Amino acid sequence: MSVSSEWIARGEIHIAATYARFPLVAQRGEGCRLWDVDGKSYLDFLAGVAVNNLGHCHPRVVSALQKQAAELLHVSNFYHIPQQIELAELLCSNSFGDRVFFCNSGAEANEAAMKLVRKYSQQVHGKERFEVITALASFHGRTLGTISATGQDKVRVGFEPVVPGFRYVPFGDIGAMRAALNEHTCAVMLEPVQGEGGVNLPPEGYLRDVRALCDEHDMLLVFDEVQVGCGRTGTLFAYQHDGVEPDIMTLAKALAGGPPIGAAIFREKHAEILGPGSHGSTFGGNPLISAAGVAALKTLLEDGVLENCRAMGDYVRKRLEELRERYSFVTEVRGRGLILGMELSIEGAEIVKKCLAKGLLINCTVGKVLRFLPPLIVTKDEIDEAMGILDSVLQEYK
Ligand SMILES: *Cc1c(COP(=O)(O)O)cnc(C)c1O
């Protein structure tokens, strides 16, 4: 029996069966590569679902964690935390935001955003205005509040009654959003590029129209950049591509270069809404995670990572387009920066398994979209290697 199969058998006994896991038992990572406990190596074009944007174990992040771990791991938010303050300064000086609430995950960041919009609206417009419009095919997390916000019925099945006050409209359709508005609507929450929903880009001008609609009705605009923030699309934040600023932005996944973190970023004019006692998190922004966050964000900004993301994004896209021309079951290639989707007319799950067996990690969303999320530090050689594996798997379906 391999070391992997022993772990897999043990995991099946006591781990909650919430994931349909692939037969890979992870041991070590470096850059774009991951090794399993039997020594097999993989090119990681999933990157922990857009968490390992700097690759595995980036030396700047590792060294910040080691240094901070030896000095102070955790202290309560009853006290001031220099690393947290530094991370907030970096986030605000590089975005539209003025204030940051730190938590531990994307779902929690969205919970903070939803609490903020409700409280703002209640104070300004009264108790009857609490509904949030979100998009169909969106994904906002797995808590009771965020499955309520997510525009996919399947995530709510069996968990009803969910949190009231959400309406879903097709992503990209401003007319549908206008029609869904009513006297109860207080906010709109969107991913500027949909990730889990199949790598869906907004039509040109859509986010600007949404912004105008929000301004017209004093509704707050929330951008969930949990997946597409932190450099993934080639700009530090995805909203910068469209030049449309939200009122609140949520981040998580790649923000600390690997360790768990979440953040809701908002403007000074809403500082009072999330005032003392209104919200909190035990671990949010603790010294260890914040130190990693500072190192990760500085690396993104200083080490040419965004430039590499844009150049390599163009290159992956070109290589995927070549495959589209050769395989009739590849119907579309789309994406921005290094979040790319390849839509198929056949199911993608088996292709993902075959890629894994050959040493390439990708995943498939909404059944038929292969999603590529390599680390933003990926090289041309690594892309060539990955595309070679993908090509050899697609061959089998010709
Ligand atoms: C992953 C994701 C979330 C949820 O983040 P968790 O850290 O798993 O709670 C929320 N929104 C988007 C867009 C995501 O991709």
# chains A, B, ... in the order shown; residues from 1 in each chain; ligands from 1
>>> select_by_dssp(residues="region 204-370 of chain A", states="helix (DSSP H, G or I)", output="MDAnalysis selection string")
chainID A and resid 206:216 239:242 253:256 268:270 287:302 305:326 349:357
>>> residues_around(residues="region 44-46 of chain A", least_positions_apart="6", cutoff="6 Å", atoms="only C-alpha atoms", output="PyMOL selection string")
chain A and resi 32-33+361-362+372-374
>>> write_last_selection(atoms="N, CA and C atoms", output="compact mmCIF listing (two decimals), in the first residue's frame")
# COMPACT_ATOMS: atom_id res chain seq x y z
N CYS A 32 5.31 26.86 -8.03
CA CYS A 32 4.11 26.33 -8.68
C CYS A 32 3.99 24.82 -8.53
N ARG A 33 4.85 24.22 -7.73
CA ARG A 33 4.87 22.77 -7.64
C ARG A 33 4.46 22.26 -6.26
N LEU A 361 -2.61 19.96 -11.80
CA LEU A 361 -3.79 20.24 -10.99
C LEU A 361 -4.58 21.41 -11.57
N ILE A 362 -5.82 21.13 -11.96
CA ILE A 362 -6.77 22.18 -12.37
C ILE A 362 -8.10 21.79 -11.75
N PHE A 372 -8.41 27.55 -14.71
CA PHE A 372 -6.97 27.62 -14.52
C PHE A 372 -6.65 28.81 -13.62
N LEU A 373 -6.02 28.52 -12.48
CA LEU A 373 -5.67 29.56 -11.51
C LEU A 373 -4.23 29.37 -11.04
N PRO A 374 -3.27 29.41 -11.96
CA PRO A 374 -1.89 29.15 -11.52
C PRO A 374 -1.40 30.28 -10.61
>>> closest_atom_pairs(of="chain A", to="ligand 1", cutoff="7 Å", atoms="only C-alpha atoms and all ligand atoms", output="CSV")
residue,atom,partner,partner_atom_place_in_ligand_line,distance
A:Ser105,CA,ligand 1,7 (O),3.7
A:Gly106,CA,ligand 1,5 (O),3.3
A:Ala107,CA,ligand 1,9 (O),3.6
A:Glu108,CA,ligand 1,9 (O),6.3
A:Phe139,CA,ligand 1,11 (N),5.3
A:His140,CA,ligand 1,11 (N),3.7
A:Gly141,CA,ligand 1,4 (C),3.8
A:Arg142,CA,ligand 1,9 (O),6.3
A:Glu191,CA,ligand 1,13 (C),5.9
A:Gln194,CA,ligand 1,13 (C),6.8
A:Gly195,CA,ligand 1,15 (O),5.9
A:Glu196,CA,ligand 1,15 (O),6.3
A:Asp224,CA,ligand 1,13 (C),5.5
A:Glu225,CA,ligand 1,13 (C),5.9
A:Val226,CA,ligand 1,12 (C),4.7
A:Gln227,CA,ligand 1,15 (O),4.2
A:Ala252,CA,ligand 1,7 (O),6.0
A:Lys253,CA,ligand 1,7 (O),6.0
>>> write_last_selection(atoms="all heavy atoms", output="CSV table (one decimal), in the first residue's frame")
chain,number,residue,atom,x,y,z
A,105,SER,N,-11.9,34.6,6.8
A,105,SER,CA,-12.3,33.8,5.6
A,105,SER,C,-13.1,34.8,4.7
A,105,SER,O,-13.6,35.8,5.2
A,105,SER,CB,-13.2,32.6,6.0
A,105,SER,OG,-14.4,33.1,6.5
A,106,GLY,N,-13.4,34.3,3.5
A,106,GLY,CA,-14.2,35.0,2.6
A,106,GLY,C,-15.6,35.1,3.0
A,106,GLY,O,-16.2,36.2,2.9
A,107,ALA,N,-16.2,34.0,3.5
A,107,ALA,CA,-17.6,34.1,4.0
A,107,ALA,C,-17.7,35.1,5.1
A,107,ALA,O,-18.7,35.9,5.1
A,107,ALA,CB,-18.0,32.7,4.5
A,108,GLU,N,-16.8,35.1,6.0
A,108,GLU,CA,-16.8,36.1,7.1
A,108,GLU,C,-16.7,37.5,6.7
A,108,GLU,O,-17.3,38.4,7.2
A,108,GLU,CB,-15.7,35.8,8.1
A,108,GLU,CG,-16.0,34.7,9.1
A,108,GLU,CD,-14.7,34.5,10.0
A,108,GLU,OE1,-14.5,35.3,10.9
A,108,GLU,OE2,-14.0,33.6,9.7
A,139,PHE,N,-21.0,33.2,-6.1
A,139,PHE,CA,-20.6,32.4,-4.9
A,139,PHE,C,-20.1,33.3,-3.9
A,139,PHE,O,-19.2,34.1,-4.1
A,139,PHE,CB,-19.6,31.3,-5.3
A,139,PHE,CG,-19.2,30.5,-4.1
A,139,PHE,CD1,-20.1,29.5,-3.6
A,139,PHE,CD2,-18.1,30.7,-3.4
A,139,PHE,CE1,-19.8,28.7,-2.5
A,139,PHE,CE2,-17.7,30.0,-2.2
A,139,PHE,CZ,-18.6,29.0,-1.8
A,140,HIS,N,-20.7,33.3,-2.7
A,140,HIS,CA,-20.2,34.2,-1.6
A,140,HIS,C,-19.8,33.5,-0.3
A,140,HIS,O,-19.5,34.2,0.6
A,140,HIS,CB,-21.3,35.2,-1.4
A,140,HIS,CG,-21.6,36.1,-2.6
A,140,HIS,ND1,-20.7,37.0,-3.1
A,140,HIS,CD2,-22.7,36.2,-3.4
A,140,HIS,CE1,-21.2,37.6,-4.2
A,140,HIS,NE2,-22.4,37.1,-4.3
A,141,GLY,N,-19.9,32.2,-0.3
A,141,GLY,CA,-19.4,31.5,0.9
A,141,GLY,C,-20.4,30.4,1.4
A,141,GLY,O,-21.5,30.2,0.7
A,142,ARG,N,-20.1,29.8,2.5
A,142,ARG,CA,-20.9,28.7,3.0
A,142,ARG,C,-21.6,28.9,4.3
A,142,ARG,O,-22.1,27.9,4.9
A,142,ARG,CB,-20.0,27.4,3.1
A,142,ARG,CG,-19.5,27.0,1.7
A,142,ARG,CD,-20.6,26.4,0.9
A,142,ARG,NE,-20.1,25.6,-0.2
A,142,ARG,CZ,-20.8,24.6,-0.8
A,142,ARG,NH1,-22.1,24.4,-0.5
A,142,ARG,NH2,-20.3,23.9,-1.8
A,191,GLU,N,-19.5,39.7,-7.6
A,191,GLU,CA,-18.1,39.5,-7.9
A,191,GLU,C,-17.8,40.2,-9.2
A,191,GLU,O,-18.5,40.0,-10.2
A,191,GLU,CB,-17.9,38.0,-8.2
A,191,GLU,CG,-18.1,37.1,-7.0
A,191,GLU,CD,-18.5,35.7,-7.5
A,191,GLU,OE1,-17.5,34.9,-7.7
A,191,GLU,OE2,-19.7,35.3,-7.6
A,194,GLN,N,-16.9,36.6,-12.0
A,194,GLN,CA,-17.4,35.4,-11.3
A,194,GLN,C,-16.4,34.3,-11.4
A,194,GLN,O,-16.0,33.9,-12.5
A,194,GLN,CB,-18.8,35.0,-11.8
A,194,GLN,CG,-19.9,36.0,-11.5
A,194,GLN,CD,-21.3,35.4,-11.8
A,194,GLN,OE1,-21.4,34.7,-12.8
A,194,GLN,NE2,-22.3,35.8,-11.0
A,195,GLY,N,-16.1,33.7,-10.2
A,195,GLY,CA,-15.1,32.6,-10.2
A,195,GLY,C,-15.8,31.2,-10.3
A,195,GLY,O,-15.8,30.5,-11.3
A,196,GLU,N,-16.4,30.8,-9.2
A,196,GLU,CA,-17.1,29.5,-9.1
A,196,GLU,C,-18.2,29.3,-10.1
A,196,GLU,O,-18.4,28.2,-10.6
A,196,GLU,CB,-17.7,29.3,-7.7
A,196,GLU,CG,-16.8,29.4,-6.5
A,196,GLU,CD,-15.6,28.5,-6.7
A,196,GLU,OE1,-15.7,27.3,-6.9
A,196,GLU,OE2,-14.4,29.0,-6.6
A,224,ASP,N,-17.3,41.5,-4.1
A,224,ASP,CA,-16.7,40.4,-3.5
A,224,ASP,C,-15.5,40.0,-4.3
A,224,ASP,O,-15.6,39.4,-5.4
A,224,ASP,CB,-17.7,39.2,-3.4
A,224,ASP,CG,-17.1,37.9,-2.9
A,224,ASP,OD1,-15.9,37.8,-2.8
A,224,ASP,OD2,-17.9,37.0,-2.6
A,225,GLU,N,-14.3,40.4,-3.8
A,225,GLU,CA,-13.1,40.1,-4.6
A,225,GLU,C,-12.3,39.1,-3.8
A,225,GLU,O,-11.0,39.0,-3.9
A,225,GLU,CB,-12.2,41.4,-4.7
A,225,GLU,CG,-12.9,42.5,-5.6
A,225,GLU,CD,-11.9,43.2,-6.5
A,225,GLU,OE1,-10.8,42.7,-6.7
A,225,GLU,OE2,-12.3,44.2,-7.1
A,226,VAL,N,-13.0,38.2,-3.1
A,226,VAL,CA,-12.3,37.1,-2.4
A,226,VAL,C,-11.4,36.3,-3.3
A,226,VAL,O,-10.3,35.9,-3.0
A,226,VAL,CB,-13.4,36.3,-1.7
A,226,VAL,CG1,-12.8,35.0,-1.1
A,226,VAL,CG2,-14.0,37.1,-0.5
A,227,GLN,N,-12.0,36.0,-4.5
A,227,GLN,CA,-11.2,35.2,-5.5
A,227,GLN,C,-10.4,36.0,-6.5
A,227,GLN,O,-9.3,35.6,-6.8
A,227,GLN,CB,-12.2,34.2,-6.2
A,227,GLN,CG,-11.5,33.3,-7.2
A,227,GLN,CD,-12.3,32.1,-7.5
A,227,GLN,OE1,-12.1,31.5,-8.6
A,227,GLN,NE2,-13.2,31.7,-6.7
A,252,ALA,N,-10.1,37.8,0.8
A,252,ALA,CA,-9.7,36.7,1.7
A,252,ALA,C,-8.6,35.9,0.9
A,252,ALA,O,-7.6,36.5,0.6
A,252,ALA,CB,-10.9,35.8,2.0
A,253,LYS,N,-8.9,34.6,0.6
A,253,LYS,CA,-8.0,33.7,-0.1
A,253,LYS,C,-6.5,34.1,-0.1
A,253,LYS,O,-5.8,33.7,0.7
A,253,LYS,CB,-8.6,33.5,-1.5
A,253,LYS,CG,-9.9,32.7,-1.5
A,253,LYS,CD,-10.3,32.1,-2.8
A,253,LYS,CE,-11.4,31.0,-2.6
A,253,LYS,NZ,-12.7,31.4,-2.8
>>> closest_residue(among="A:Val316, A:Glu111, A:Phe329, A:Ile13", to="Gly388 (chain A)", atoms="only C-alpha atoms")
A:Val316
>>> atom_distance(atom1="CA of Ser290 (chain A)", atom2="CA of His241 (chain A)")
26.6 Å
>>> select_by_dssp(residues="region 351-381 of chain A", states="strand (DSSP E or B)", output="MDAnalysis selection string")
chainID A and resid 360:361 363:365 369:372
>>> atom_distance(atom1="CA of Cys186 (chain A)", atom2="CA of Phe130 (chain A)")
5.3 Å
>>> residues_around(residues="Gly367 (chain A)", least_positions_apart="4", cutoff="12 Å", atoms="only C-alpha atoms", output="ChimeraX atom specification")
/A:196-198,341-352,363,371
>>> closest_atom_pairs(of="region 50-136 of chain A", to="region 375-387 of chain A", cutoff="8 Å", atoms="only C-alpha atoms", output="tab-separated table")
residue	atom	partner	partner_atom	distance
A:Ala50	CA	A:Pro375	CA	7.6
A:Asn52	CA	A:Pro375	CA	6.0
A:Asn53	CA	A:Pro375	CA	4.4
A:Leu54	CA	A:Pro375	CA	5.6
A:Gly55	CA	A:Pro375	CA	5.0
>>> write_last_selection(atoms="N, CA, C and O atoms", output="PDB file, in the first residue's frame")
ATOM      1  N   ALA A  50      -6.946  29.801  -5.832  1.00  0.00           N
ATOM      2  CA  ALA A  50      -6.570  31.223  -5.819  1.00  0.00           C
ATOM      3  C   ALA A  50      -6.095  31.728  -4.459  1.00  0.00           C
ATOM      4  O   ALA A  50      -6.231  32.909  -4.144  1.00  0.00           O
ATOM      5  N   ASN A  52      -2.800  30.481  -3.202  1.00  0.00           N
ATOM      6  CA  ASN A  52      -1.340  30.529  -3.333  1.00  0.00           C
ATOM      7  C   ASN A  52      -0.926  31.383  -4.536  1.00  0.00           C
ATOM      8  O   ASN A  52      -0.206  30.919  -5.429  1.00  0.00           O
ATOM      9  N   ASN A  53      -1.352  32.633  -4.543  1.00  0.00           N
ATOM     10  CA  ASN A  53      -1.030  33.524  -5.666  1.00  0.00           C
ATOM     11  C   ASN A  53       0.470  33.755  -5.794  1.00  0.00           C
ATOM     12  O   ASN A  53       0.964  34.037  -6.882  1.00  0.00           O
ATOM     13  N   LEU A  54       1.187  33.633  -4.687  1.00  0.00           N
ATOM     14  CA  LEU A  54       2.643  33.812  -4.725  1.00  0.00           C
ATOM     15  C   LEU A  54       3.361  32.470  -4.833  1.00  0.00           C
ATOM     16  O   LEU A  54       4.564  32.385  -4.607  1.00  0.00           O
ATOM     17  N   GLY A  55       2.611  31.437  -5.148  1.00  0.00           N
ATOM     18  CA  GLY A  55       3.187  30.096  -5.173  1.00  0.00           C
ATOM     19  C   GLY A  55       3.216  29.522  -3.765  1.00  0.00           C
ATOM     20  O   GLY A  55       2.831  30.186  -2.799  1.00  0.00           O
TER      21      GLY A  55
END
>>> decode(residues="region 109-120 of chain A", atoms="all heavy atoms", output="mmCIF file, in the first residue's frame")
data_model
loop_
_atom_site.group_PDB
_atom_site.id
_atom_site.type_symbol
_atom_site.label_atom_id
_atom_site.label_comp_id
_atom_site.auth_asym_id
_atom_site.auth_seq_id
_atom_site.Cartn_x
_atom_site.Cartn_y
_atom_site.Cartn_z
ATOM 1 N N ALA A 109 -15.871 37.729 5.653
ATOM 2 C CA ALA A 109 -15.721 39.079 5.101
ATOM 3 C C ALA A 109 -17.052 39.536 4.508
ATOM 4 O O ALA A 109 -17.481 40.677 4.692
ATOM 5 C CB ALA A 109 -14.619 39.097 4.048
ATOM 6 N N ASN A 110 -17.732 38.618 3.813
ATOM 7 C CA ASN A 110 -19.035 38.966 3.230
ATOM 8 C C ASN A 110 -20.097 39.164 4.303
ATOM 9 O O ASN A 110 -20.983 40.010 4.161
ATOM 10 C CB ASN A 110 -19.463 37.886 2.230
ATOM 11 C CG ASN A 110 -18.627 37.941 0.955
ATOM 12 O OD1 ASN A 110 -18.111 38.995 0.593
ATOM 13 N ND2 ASN A 110 -18.488 36.810 0.288
ATOM 14 N N GLU A 111 -20.019 38.400 5.387
ATOM 15 C CA GLU A 111 -20.944 38.611 6.506
ATOM 16 C C GLU A 111 -20.771 40.038 7.046
ATOM 17 O O GLU A 111 -21.744 40.732 7.335
ATOM 18 C CB GLU A 111 -20.675 37.608 7.643
ATOM 19 C CG GLU A 111 -21.014 36.168 7.322
ATOM 20 C CD GLU A 111 -22.507 35.844 7.445
ATOM 21 O OE1 GLU A 111 -23.283 36.704 7.916
ATOM 22 O OE2 GLU A 111 -22.890 34.733 7.048
ATOM 23 N N ALA A 112 -19.521 40.472 7.194
ATOM 24 C CA ALA A 112 -19.257 41.827 7.691
ATOM 25 C C ALA A 112 -19.856 42.857 6.738
ATOM 26 O O ALA A 112 -20.498 43.834 7.170
ATOM 27 C CB ALA A 112 -17.755 42.053 7.837
ATOM 28 N N ALA A 113 -19.677 42.623 5.433
ATOM 29 C CA ALA A 113 -20.205 43.556 4.431
ATOM 30 C C ALA A 113 -21.733 43.604 4.512
ATOM 31 O O ALA A 113 -22.336 44.686 4.465
ATOM 32 C CB ALA A 113 -19.760 43.131 3.033
ATOM 33 N N MET A 114 -22.359 42.453 4.664
ATOM 34 C CA MET A 114 -23.822 42.413 4.701
ATOM 35 C C MET A 114 -24.370 43.053 5.974
ATOM 36 O O MET A 114 -25.398 43.713 5.955
ATOM 37 C CB MET A 114 -24.307 40.969 4.552
ATOM 38 C CG MET A 114 -24.012 40.405 3.152
ATOM 39 S SD MET A 114 -24.705 38.766 2.854
ATOM 40 C CE MET A 114 -23.786 37.757 4.002
ATOM 41 N N LYS A 115 -23.660 42.884 7.088
ATOM 42 C CA LYS A 115 -24.084 43.560 8.312
ATOM 43 C C LYS A 115 -23.956 45.069 8.148
ATOM 44 O O LYS A 115 -24.831 45.834 8.543
ATOM 45 C CB LYS A 115 -23.253 43.069 9.511
ATOM 46 C CG LYS A 115 -23.700 41.698 10.027
ATOM 47 C CD LYS A 115 -22.862 41.216 11.207
ATOM 48 C CE LYS A 115 -23.194 41.905 12.525
ATOM 49 N NZ LYS A 115 -22.432 41.288 13.666
ATOM 50 N N LEU A 116 -22.864 45.503 7.518
ATOM 51 C CA LEU A 116 -22.662 46.939 7.322
ATOM 52 C C LEU A 116 -23.783 47.542 6.461
ATOM 53 O O LEU A 116 -24.362 48.570 6.825
ATOM 54 C CB LEU A 116 -21.290 47.201 6.685
ATOM 55 C CG LEU A 116 -20.790 48.644 6.667
ATOM 56 C CD1 LEU A 116 -19.274 48.688 6.458
ATOM 57 C CD2 LEU A 116 -21.446 49.533 5.624
ATOM 58 N N VAL A 117 -24.108 46.891 5.342
ATOM 59 C CA VAL A 117 -25.120 47.491 4.446
ATOM 60 C C VAL A 117 -26.490 47.528 5.119
ATOM 61 O O VAL A 117 -27.236 48.499 4.979
ATOM 62 C CB VAL A 117 -25.217 46.812 3.051
ATOM 63 C CG1 VAL A 117 -23.892 46.906 2.317
ATOM 64 C CG2 VAL A 117 -25.686 45.367 3.110
ATOM 65 N N ARG A 118 -26.821 46.492 5.874
ATOM 66 C CA ARG A 118 -28.114 46.493 6.564
ATOM 67 C C ARG A 118 -28.189 47.613 7.595
ATOM 68 O O ARG A 118 -29.178 48.329 7.682
ATOM 69 C CB ARG A 118 -28.338 45.155 7.275
ATOM 70 C CG ARG A 118 -28.901 44.086 6.387
ATOM 71 C CD ARG A 118 -29.500 42.992 7.235
ATOM 72 N NE ARG A 118 -30.163 41.990 6.411
ATOM 73 C CZ ARG A 118 -30.832 40.961 6.902
ATOM 74 N NH1 ARG A 118 -30.932 40.805 8.211
ATOM 75 N NH2 ARG A 118 -31.418 40.103 6.101
ATOM 76 N N LYS A 119 -27.130 47.747 8.370
ATOM 77 C CA LYS A 119 -27.168 48.743 9.439
ATOM 78 C C LYS A 119 -27.177 50.164 8.864
ATOM 79 O O LYS A 119 -27.909 51.034 9.349
ATOM 80 C CB LYS A 119 -25.972 48.549 10.372
ATOM 81 C CG LYS A 119 -26.095 49.322 11.661
ATOM 82 C CD LYS A 119 -25.196 48.758 12.743
ATOM 83 C CE LYS A 119 -25.230 49.662 13.966
ATOM 84 N NZ LYS A 119 -23.881 49.989 14.426
ATOM 85 N N TYR A 120 -26.399 50.371 7.822
ATOM 86 C CA TYR A 120 -26.393 51.687 7.174
ATOM 87 C C TYR A 120 -27.795 52.024 6.690
ATOM 88 O O TYR A 120 -28.333 53.102 6.970
ATOM 89 C CB TYR A 120 -25.417 51.708 5.986
ATOM 90 C CG TYR A 120 -25.589 52.918 5.097
ATOM 91 C CD1 TYR A 120 -25.071 54.157 5.487
ATOM 92 C CD2 TYR A 120 -26.293 52.843 3.903
ATOM 93 C CE1 TYR A 120 -25.256 55.280 4.692
ATOM 94 C CE2 TYR A 120 -26.487 53.959 3.104
ATOM 95 C CZ TYR A 120 -25.961 55.178 3.501
ATOM 96 O OH TYR A 120 -26.157 56.284 2.727
#
